[in-house]
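Taking it in order: structure first as structure tokens, then the write-up.
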Amino acid sequence: MKAVVLRRHGGPGVLRVTEVPDPRADPGQVLVRVEAVGINYAEVLSRKGLYGWAPKRPYVLGMEAAGRIEAVGAGVEASRVGEAVVVGAKHGAYAELMAVSSAQALPAPAGWSVEERAAFPVNWMTAWVGLVEMGRLRAGDRVLISPAGGGVGTAAVQLASRHGCDVLALAGSDGKLERVRALGAADTLNYREPGWRRRLAEVTQPRGVDVALEMVGGDVFRAVRDTLAPFGRAVVAGYADLDYTLWNPASWWRAWRGIPRMGLTRMFERSNGILSTHLGYLLDDPERVSGVWARLTAFVAEHGLRPQVGHVLGFGDVAEAHRLMESRESYGKIVLRV
């Protein structure tokens, strides 16, 4: 089969489609014929050697895909063959075939394109876990999403607005902000414009923010942190500003300084706090994952929500997909059609 194997760290040019042996479905597994792959920022960090959760090289990159079950291993119902599924995994999605635990091959939402299916599992489950399971979202809450223009952000804007929340969306371009307003954001703010922090303070006062889903880090996180109301929760689901060079100590300091954090004294004084989530670690708890999936998909179906697929590229354009994501100019989800 064709796959993208990460053999060395580096720029997007290290990503090439190559031939590797076909996997097989071991007991308890299913073999999925991949039709589309969702690109995630974690894979950019893995490619650079900056992602601690990545397995030992060489390995096939990719955390989510959409396709159909082609074969099943012992202990899995044969009736699952032919089922349309979406897959969340630690790696292996940048390939024509992937073998995963049957619990990781989740029923695909009906009536969606294969690109929408590939755009759904990681981003939407991250947004749901951050806002609902951890942020304890309630109707009437003031919710801040940063950044709002990517895969997780566009999901979060839709979920929060349909929960009856007042959504403030941050992004790095006016074009992205225009699009997220159409998804339900009541207020928007460009964090690349001069004076944006003063404007953020004005917009969020005197009430403050009840729930913030933050994925940029650095100065953006610090500004968002300062908007939290009493009992407010900042949920960190990423650190897009993370960038350091292994042989450049000055870059280590910048990366360390930008890590999202809150001091205990600050939390005491303001009666608010910080939480964090990494969806990958939940994969070891299939019962919890299936519960989250059931609640998420039921809510999405009830409200007619859809993933925002901003860019569709061919499988051979995987390097270009990574360049696009690193540019921070993409909107919604980047998908590779296999």
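Chain identifiers are assigned as A, B, and so on, following the order in which chains appear in the structure tokens; residues are numbered from 1 within each chain, and ligands are numbered from 1 in order of appearance.
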>> Need to verify the contact set: region 161-171 of chain A, 8 Å, only C-alpha atoms, exclusion of same-chain residues closer than 5 positions in sequence. Can you return it as a PyMOL selection string?
In response: chain A and resi 137-149+176-177+180+184-191+303
> Mind checking DSSP for region 163-332 of chain A and telling me the strand (DSSP E) residues as a VMD selection string?
Replying inline: chain A and resid 166 to 171 187 to 190 209 to 214 228 to 236 273 to 276 309 to 314
What are the nearest atom pairs, with distances in Å to one decimal, for all residues of region 277-330 of chain A that come at most 10 Å from region 42-52 of chain A, using only C-alpha atoms, set out by chain and rising residue number as JSON lines?
```
{"residue": "A:Ala321", "atom": "CA", "partner": "A:Val44", "partner_atom": "CA", "distance": 9.8}
{"residue": "A:His322", "atom": "CA", "partner": "A:Val44", "partner_atom": "CA", "distance": 6.4}
{"residue": "A:Arg323", "atom": "CA", "partner": "A:Val44", "partner_atom": "CA", "distance": 8.9}
{"residue": "A:Met325", "atom": "CA", "partner": "A:Val44", "partner_atom": "CA", "distance": 8.0}
{"residue": "A:Glu326", "atom": "CA", "partner": "A:Val44", "partner_atom": "CA", "distance": 7.5}
```
Please identify which residues in region 19-83 of chain A DSSP calls helix (DSSP H, G or I) from the backbone, and express them as a PDB file with C-alpha atoms, in the first residue's frame.
```
ATOM      1  CA  TYR A  41      -1.420  20.466  13.904  1.00  0.00           C
ATOM      2  CA  ALA A  42      -0.103  17.700  16.164  1.00  0.00           C
ATOM      3  CA  GLU A  43       1.205  16.009  13.023  1.00  0.00           C
ATOM      4  CA  VAL A  44       3.123  19.153  12.082  1.00  0.00           C
ATOM      5  CA  LEU A  45       4.733  19.106  15.538  1.00  0.00           C
ATOM      6  CA  SER A  46       5.467  15.376  15.162  1.00  0.00           C
ATOM      7  CA  ARG A  47       7.172  16.004  11.838  1.00  0.00           C
ATOM      8  CA  LYS A  48       9.370  18.635  13.495  1.00  0.00           C
ATOM      9  CA  ALA A  78     -18.149 -10.008  10.477  1.00  0.00           C
ATOM     10  CA  SER A  79     -21.177  -7.785   9.839  1.00  0.00           C
ATOM     11  CA  ARG A  80     -18.920  -4.752  10.276  1.00  0.00           C
TER      12      ARG A  80
END
```
> So which residues touch Arg295 (chain A) within 10 Å, counting only C-alpha atoms, skipping near sequence neighbours fewer than 5 positions away, as a list in words?
Replying inline: Trp128, Ser290 and Val300 of chain A
Can I get the selected residues back with N, CA and C atoms, as a PDB file, in the first residue's frame?
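To be explicit, this is the file written out as out-v2.pdb:
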```pdb
ATOM      1  N   TRP A 128     -15.723  19.392  21.860  1.00  0.00           N
ATOM      2  CA  TRP A 128     -16.779  18.938  22.769  1.00  0.00           C
ATOM      3  C   TRP A 128     -16.209  18.649  24.158  1.00  0.00           C
ATOM      4  N   SER A 290     -16.563   6.275  23.742  1.00  0.00           N
ATOM      5  CA  SER A 290     -17.851   5.963  23.111  1.00  0.00           C
ATOM      6  C   SER A 290     -18.969   6.807  23.698  1.00  0.00           C
ATOM      7  N   VAL A 300     -24.915  17.030  17.382  1.00  0.00           N
ATOM      8  CA  VAL A 300     -24.646  17.501  16.020  1.00  0.00           C
ATOM      9  C   VAL A 300     -25.830  17.192  15.099  1.00  0.00           C
TER      10      VAL A 300
END
```
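When the distance limit is 7 Å and only C-alpha atoms are what count, the residues near region 5-11 of chain A, minus those fewer than 3 positions from it on the same chain, are Val14, Leu15, Arg47, Lys48, Gly49, Arg57, Pro58, Tyr59, Val60 and Leu61 of chain A.
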> Of the residues A:Glu193, A:Leu97, A:Thr297, A:Gly238, which is the one nearest to Ala110 (chain A), using only C-alpha atoms?
Replying inline: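 Once distances to Ala110 (chain A) are computed over only C-alpha atoms, the minimum belongs to A:Thr297.
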>> One decimal, in Å: what's the spacing between CA of Gln205 (chain A) and CA of Ala237 (chain A)?
In response: 24.6 Å
Once you count only C-alpha atoms, what closest atom pair and distance in Å to one decimal does each residue of region 26-124 of chain A within 8 Å of region 266-282 of chain A have, with rows by chain and rising residue number, as CSV?
```
residue,atom,partner,partner_atom,distance
A:Ala89,CA,A:Gly280,CA,7.4
A:Lys90,CA,A:Gly280,CA,6.6
A:Val122,CA,A:Leu279,CA,7.4
```
Save the residues we just selected, N, CA and C atoms, as a short mmCIF file (atom, residue, chain, number, x, y, z; two decimals), in the first residue's frame?
```
data_model
loop_
_atom_site.label_atom_id
_atom_site.label_comp_id
_atom_site.auth_asym_id
_atom_site.auth_seq_id
_atom_site.Cartn_x
_atom_site.Cartn_y
_atom_site.Cartn_z
N ALA A 89 -6.82 7.73 15.96
CA ALA A 89 -5.72 6.86 16.36
C ALA A 89 -4.49 7.69 16.69
N LYS A 90 -3.50 7.05 17.30
CA LYS A 90 -2.25 7.74 17.63
C LYS A 90 -1.44 8.03 16.38
N VAL A 122 -11.35 14.15 15.38
CA VAL A 122 -10.40 14.76 16.30
C VAL A 122 -10.81 16.17 16.70
#
```
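The nearest approach to Lys333 (chain A) among the residues A:Ile39, A:Ile259, A:Val129, A:Leu106, with only C-alpha atoms taken into account, belongs to A:Ile39.
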>> Report as a list in words all protein, DNA and RNA residues lying within 7 Å of Val152 (chain A), evaluated on only C-alpha atoms, omitting residues in the same chain fewer than 3 positions from it.
In response: Asn123, Trp124, Thr126, Ala127, Ala155 and Ala156 of chain A
> Excluding same-chain residues fewer than 2 positions from Gly310 (chain A), what lies within 9 Å of it counting only C-alpha atoms, as a ChimeraX atom specification?
Replying inline: /A:150-151,308,312,330-335
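You can rank A:Met134, A:Leu183, A:Val86, A:Met63 by their closest distance to Val157 (chain A) using only C-alpha atoms, and at the top of that list sits A:Leu183.
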>> Can you pull out the residues contacting Gly135 (chain A)? Cut-off 7 Å, using only C-alpha atoms, and skip same-chain residues under 5 positions away; I want them as JSON, numbers by chain.
In response: {"A": [130, 211, 233, 235]}
Can I get the selection written as a PDB file, in the first residue's frame, with C-alpha atoms?
```
ATOM      1  CA  GLY A 130     -13.036  21.064  26.131  1.00  0.00           C
ATOM      2  CA  VAL A 211     -15.471  29.547  29.493  1.00  0.00           C
ATOM      3  CA  ARG A 233     -12.657  28.149  33.264  1.00  0.00           C
ATOM      4  CA  VAL A 235      -9.520  25.054  28.877  1.00  0.00           C
TER       5      VAL A 235
END
```
> Pick the closest to Thr227 (chain A) from A:Asp285, A:Glu116, A:Asp210, A:Glu320: which is it, counting only C-alpha atoms?
Replying inline: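 Residue with the minimum atom-to-atom distance to Thr227 (chain A): A:Asp210.
When CA of Ser101 (chain A) is paired with CA of Gly67 (chain A), their separation reads 14.7 Å.
Comparing the minimum interatomic distances between Arg207 (chain A) and each of A:Ala223, A:Val236, A:Ala229, A:Val85, counting only C-alpha atoms, we find that A:Ala229 sits nearest.
Here CA of Arg225 (chain A) stands at a distance of 17.0 Å from CA of Gly195 (chain A).
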